[in-house]
Amino acid sequence: MKRWSAFAWYWQRISGLLLVIFTIGHYVTVHWSAAAGHEFSSSVARLSNPLWQFWYLGFVVLGLWHGVQGAYNILRDFKLPRAVLLGAMVVLIGAALYFAYLGFDTVLTVHEWKHHP
Amino acid sequence: MAYVQARKPLTTWLQTLLHYRWHPGAVAYVLHRISGIALLGYLFVHISTLRGLVQGEASFNEKMQLFTAPIFKLAEWLLFAFVLFHALNGVRIALLDLTQRGSRAHIALLRLVYVVGALAMLGMGVLIFWDPFGA
């Protein structure tokens with residue numbers, strides 16, 4: 001148990017640093033201009049490239065993992081009754097799994113619009 | 001001896017909060033947690049919105065039309081403030097925890113967080129409100 005939480009402590013910092021790199025890349029490519037991020041064709045072109053697909057799958061997993069683990073760190077500090085903490089974590093992890101599925105499905109199917117405008 | 005925490009009434013909690021010494025590092029700690037919760041919530045919303053891509057161009061454009069309103073541009077800028085603080089302060093935390101010299105320089109690093117953050121906010125303000133690189 002102790003070793004596990006030490007791993008979690010390191011992983012929160014390392015995933016955070018990785019997310020900084022992902023976020024800079026995301027902002028530079030998608031939010032450099034209004035058209036780069038808000039136009040259908042530029043989004044489809046980006047998500048038809050396997051490298052960008054891989055990039056965004058990683059972004060979704062890291063973002064959700066870091067976020068849910070961070071929420072756990074906050075909740076744990078409040079000395080909540082065990083059942084409440086457990087219930088909150090079930091909801092958070094459930095939501096993260098659902099949004100990970102949604103994100104993966106979006107990233108991996110958007111390229112189908114490339115040849116059917 | 002087992003330590004048992006007494007249940008504190010709300011007024012005691014408020015009094016504690018009001019008498020709290022707001023050291024710059026403590027402020028950053030609270031801001032990091034608040035921005036973190038906000039960003040997790042936003043990540044859920046962001047993934048949902050981009051679902052419009054799968055439903056085709058018309059559906060996506062309809063959703064994106066919403067974000068061209070001035071109030072959403074302001075919201076995007078505010079969101080960037082949350083992202084920026086969480087990212088810069090996160091790097092600061094990693095430096096404090098993972099390097100030998102980081103903890104000695106934590107206030108200087110915090111100053112750097114706010115200065116770099118303010119400059120990046122100005123830059124992003126130009127990108128969002130004037131769109132100089134747009135078509």
# chains A, B, ... in the order shown; residues from 1 in each chain; ligands from 1
>>> interface_residues(of="chain B", to="chain A", cutoff="9 Å", atoms="only C-alpha atoms", output="ChimeraX atom specification")
/B:33,36-37,39-41,43-44,47-48,50-58,60-61,64-65,67-68,83,87-88,90-91,93-94,97-98,124,127-128,131-135
>>> atom_distance(atom1="atom CA of B:Ser35", atom2="atom CA of A:Ala83")
26.2 Å
>>> atom_distance(atom1="atom CA of B:Val126", atom2="atom CA of B:Lys63")
23.7 Å
>>> closest_residue(among="B:Val27, B:Pro9, B:Trp130, B:Met121", to="B:Leu79", atoms="only C-alpha atoms")
B:Met121
>>> residues_around(residues="A:Met89", least_positions_apart="2", cutoff="10 Å", atoms="only C-alpha atoms", output="PyMOL selection string")
chain A and resi 68-69+71-72+75+83-87+91-95
>>> atom_distance(atom1="atom CA of B:Asn89", atom2="atom CA of A:Val61")
21.4 Å
>>> residues_around(residues="B:Phe80", least_positions_apart="5", cutoff="10 Å", atoms="only C-alpha atoms", output="list of chain:residue names")
A:Tyr27, B:Leu74, B:Ala75, B:Phe85, B:His86, B:Gly117, B:Ala120, B:Met121, B:Met124, B:Gly125
>>> select_by_dssp(residues="chain A", states="alpha helix (DSSP H)", output="number ranges by chain")
A: 2-30, 34-38, 40-46, 50-76, 82-109
>>> decode(residues="stretch 58-87 of chain A", atoms="N, CA, C and O atoms", output="PDB file, in the first residue's frame")
ATOM      1  N   GLY A  58      -3.209   9.801 -26.121  1.00  0.00           N
ATOM      2  CA  GLY A  58      -2.352   9.993 -24.952  1.00  0.00           C
ATOM      3  C   GLY A  58      -2.824  11.155 -24.096  1.00  0.00           C
ATOM      4  O   GLY A  58      -2.858  11.065 -22.862  1.00  0.00           O
ATOM      5  N   PHE A  59      -3.236  12.237 -24.749  1.00  0.00           N
ATOM      6  CA  PHE A  59      -3.709  13.434 -24.052  1.00  0.00           C
ATOM      7  C   PHE A  59      -4.958  13.115 -23.219  1.00  0.00           C
ATOM      8  O   PHE A  59      -5.060  13.503 -22.049  1.00  0.00           O
ATOM      9  N   VAL A  60      -5.891  12.366 -23.829  1.00  0.00           N
ATOM     10  CA  VAL A  60      -7.140  12.008 -23.136  1.00  0.00           C
ATOM     11  C   VAL A  60      -6.844  11.147 -21.910  1.00  0.00           C
ATOM     12  O   VAL A  60      -7.328  11.428 -20.800  1.00  0.00           O
ATOM     13  N   VAL A  61      -6.013  10.122 -22.089  1.00  0.00           N
ATOM     14  CA  VAL A  61      -5.704   9.211 -20.972  1.00  0.00           C
ATOM     15  C   VAL A  61      -4.989   9.951 -19.841  1.00  0.00           C
ATOM     16  O   VAL A  61      -5.397   9.886 -18.676  1.00  0.00           O
ATOM     17  N   LEU A  62      -3.933  10.704 -20.193  1.00  0.00           N
ATOM     18  CA  LEU A  62      -3.158  11.417 -19.172  1.00  0.00           C
ATOM     19  C   LEU A  62      -4.000  12.466 -18.458  1.00  0.00           C
ATOM     20  O   LEU A  62      -3.939  12.599 -17.240  1.00  0.00           O
ATOM     21  N   GLY A  63      -4.790  13.229 -19.232  1.00  0.00           N
ATOM     22  CA  GLY A  63      -5.610  14.297 -18.649  1.00  0.00           C
ATOM     23  C   GLY A  63      -6.605  13.739 -17.647  1.00  0.00           C
ATOM     24  O   GLY A  63      -6.725  14.242 -16.523  1.00  0.00           O
ATOM     25  N   LEU A  64      -7.305  12.671 -18.035  1.00  0.00           N
ATOM     26  CA  LEU A  64      -8.322  12.098 -17.152  1.00  0.00           C
ATOM     27  C   LEU A  64      -7.676  11.446 -15.922  1.00  0.00           C
ATOM     28  O   LEU A  64      -8.154  11.600 -14.801  1.00  0.00           O
ATOM     29  N   TRP A  65      -6.583  10.715 -16.141  1.00  0.00           N
ATOM     30  CA  TRP A  65      -5.902  10.043 -15.033  1.00  0.00           C
ATOM     31  C   TRP A  65      -5.390  11.069 -14.010  1.00  0.00           C
ATOM     32  O   TRP A  65      -5.652  10.981 -12.805  1.00  0.00           O
ATOM     33  N   HIS A  66      -4.660  12.078 -14.503  1.00  0.00           N
ATOM     34  CA  HIS A  66      -4.115  13.123 -13.636  1.00  0.00           C
ATOM     35  C   HIS A  66      -5.245  13.857 -12.909  1.00  0.00           C
ATOM     36  O   HIS A  66      -5.136  14.168 -11.715  1.00  0.00           O
ATOM     37  N   GLY A  67      -6.328  14.109 -13.602  1.00  0.00           N
ATOM     38  CA  GLY A  67      -7.462  14.839 -13.030  1.00  0.00           C
ATOM     39  C   GLY A  67      -8.151  14.045 -11.935  1.00  0.00           C
ATOM     40  O   GLY A  67      -8.427  14.570 -10.847  1.00  0.00           O
ATOM     41  N   VAL A  68      -8.435  12.767 -12.194  1.00  0.00           N
ATOM     42  CA  VAL A  68      -9.136  11.940 -11.201  1.00  0.00           C
ATOM     43  C   VAL A  68      -8.231  11.675  -9.997  1.00  0.00           C
ATOM     44  O   VAL A  68      -8.678  11.729  -8.845  1.00  0.00           O
ATOM     45  N   GLN A  69      -6.937  11.441 -10.269  1.00  0.00           N
ATOM     46  CA  GLN A  69      -6.017  11.208  -9.146  1.00  0.00           C
ATOM     47  C   GLN A  69      -5.868  12.471  -8.303  1.00  0.00           C
ATOM     48  O   GLN A  69      -5.780  12.408  -7.076  1.00  0.00           O
ATOM     49  N   GLY A  70      -5.876  13.637  -8.972  1.00  0.00           N
ATOM     50  CA  GLY A  70      -5.806  14.912  -8.256  1.00  0.00           C
ATOM     51  C   GLY A  70      -7.044  15.117  -7.390  1.00  0.00           C
ATOM     52  O   GLY A  70      -6.949  15.553  -6.243  1.00  0.00           O
ATOM     53  N   ALA A  71      -8.217  14.782  -7.937  1.00  0.00           N
ATOM     54  CA  ALA A  71      -9.469  14.907  -7.181  1.00  0.00           C
ATOM     55  C   ALA A  71      -9.429  13.988  -5.961  1.00  0.00           C
ATOM     56  O   ALA A  71      -9.873  14.363  -4.868  1.00  0.00           O
ATOM     57  N   TYR A  72      -8.872  12.769  -6.128  1.00  0.00           N
ATOM     58  CA  TYR A  72      -8.732  11.839  -5.001  1.00  0.00           C
ATOM     59  C   TYR A  72      -7.835  12.440  -3.918  1.00  0.00           C
ATOM     60  O   TYR A  72      -8.154  12.375  -2.723  1.00  0.00           O
ATOM     61  N   ASN A  73      -6.721  13.059  -4.344  1.00  0.00           N
ATOM     62  CA  ASN A  73      -5.800  13.680  -3.380  1.00  0.00           C
ATOM     63  C   ASN A  73      -6.500  14.749  -2.557  1.00  0.00           C
ATOM     64  O   ASN A  73      -6.240  14.905  -1.364  1.00  0.00           O
ATOM     65  N   ILE A  74      -7.385  15.524  -3.220  1.00  0.00           N
ATOM     66  CA  ILE A  74      -8.112  16.581  -2.513  1.00  0.00           C
ATOM     67  C   ILE A  74      -9.124  15.966  -1.549  1.00  0.00           C
ATOM     68  O   ILE A  74      -9.165  16.303  -0.357  1.00  0.00           O
ATOM     69  N   LEU A  75      -9.936  15.023  -2.054  1.00  0.00           N
ATOM     70  CA  LEU A  75     -10.983  14.397  -1.228  1.00  0.00           C
ATOM     71  C   LEU A  75     -10.391  13.721   0.011  1.00  0.00           C
ATOM     72  O   LEU A  75     -10.948  13.790   1.111  1.00  0.00           O
ATOM     73  N   ARG A  76      -9.252  13.068  -0.172  1.00  0.00           N
ATOM     74  CA  ARG A  76      -8.609  12.324   0.911  1.00  0.00           C
ATOM     75  C   ARG A  76      -8.240  13.243   2.081  1.00  0.00           C
ATOM     76  O   ARG A  76      -8.242  12.831   3.236  1.00  0.00           O
ATOM     77  N   ASP A  77      -7.957  14.523   1.778  1.00  0.00           N
ATOM     78  CA  ASP A  77      -7.573  15.479   2.814  1.00  0.00           C
ATOM     79  C   ASP A  77      -8.734  15.884   3.717  1.00  0.00           C
ATOM     80  O   ASP A  77      -8.524  16.503   4.754  1.00  0.00           O
ATOM     81  N   PHE A  78      -9.971  15.601   3.302  1.00  0.00           N
ATOM     82  CA  PHE A  78     -11.125  16.057   4.070  1.00  0.00           C
ATOM     83  C   PHE A  78     -11.592  15.057   5.130  1.00  0.00           C
ATOM     84  O   PHE A  78     -12.565  15.300   5.813  1.00  0.00           O
ATOM     85  N   LYS A  79     -10.920  13.930   5.260  1.00  0.00           N
ATOM     86  CA  LYS A  79     -11.288  12.918   6.260  1.00  0.00           C
ATOM     87  C   LYS A  79     -12.774  12.583   6.170  1.00  0.00           C
ATOM     88  O   LYS A  79     -13.497  12.628   7.176  1.00  0.00           O
ATOM     89  N   LEU A  80     -13.227  12.299   4.969  1.00  0.00           N
ATOM     90  CA  LEU A  80     -14.631  11.941   4.768  1.00  0.00           C
ATOM     91  C   LEU A  80     -14.875  10.528   5.295  1.00  0.00           C
ATOM     92  O   LEU A  80     -13.932   9.748   5.405  1.00  0.00           O
ATOM     93  N   PRO A  81     -16.150  10.224   5.632  1.00  0.00           N
ATOM     94  CA  PRO A  81     -16.453   8.823   5.970  1.00  0.00           C
ATOM     95  C   PRO A  81     -16.050   7.934   4.782  1.00  0.00           C
ATOM     96  O   PRO A  81     -16.183   8.343   3.622  1.00  0.00           O
ATOM     97  N   ARG A  82     -15.575   6.749   5.085  1.00  0.00           N
ATOM     98  CA  ARG A  82     -15.007   5.875   4.061  1.00  0.00           C
ATOM     99  C   ARG A  82     -15.977   5.619   2.895  1.00  0.00           C
ATOM    100  O   ARG A  82     -15.575   5.610   1.726  1.00  0.00           O
ATOM    101  N   ALA A  83     -17.258   5.440   3.247  1.00  0.00           N
ATOM    102  CA  ALA A  83     -18.254   5.131   2.216  1.00  0.00           C
ATOM    103  C   ALA A  83     -18.429   6.309   1.265  1.00  0.00           C
ATOM    104  O   ALA A  83     -18.611   6.120   0.056  1.00  0.00           O
ATOM    105  N   VAL A  84     -18.375   7.539   1.807  1.00  0.00           N
ATOM    106  CA  VAL A  84     -18.550   8.738   0.973  1.00  0.00           C
ATOM    107  C   VAL A  84     -17.366   8.870   0.008  1.00  0.00           C
ATOM    108  O   VAL A  84     -17.540   9.117  -1.189  1.00  0.00           O
ATOM    109  N   LEU A  85     -16.147   8.683   0.533  1.00  0.00           N
ATOM    110  CA  LEU A  85     -14.951   8.753  -0.303  1.00  0.00           C
ATOM    111  C   LEU A  85     -15.013   7.694  -1.403  1.00  0.00           C
ATOM    112  O   LEU A  85     -14.743   7.980  -2.590  1.00  0.00           O
ATOM    113  N   LEU A  86     -15.408   6.500  -1.016  1.00  0.00           N
ATOM    114  CA  LEU A  86     -15.483   5.393  -1.969  1.00  0.00           C
ATOM    115  C   LEU A  86     -16.530   5.684  -3.049  1.00  0.00           C
ATOM    116  O   LEU A  86     -16.283   5.499  -4.244  1.00  0.00           O
ATOM    117  N   GLY A  87     -17.696   6.196  -2.609  1.00  0.00           N
ATOM    118  CA  GLY A  87     -18.768   6.527  -3.558  1.00  0.00           C
ATOM    119  C   GLY A  87     -18.335   7.597  -4.533  1.00  0.00           C
ATOM    120  O   GLY A  87     -18.558   7.475  -5.743  1.00  0.00           O
TER     121      GLY A  87
END
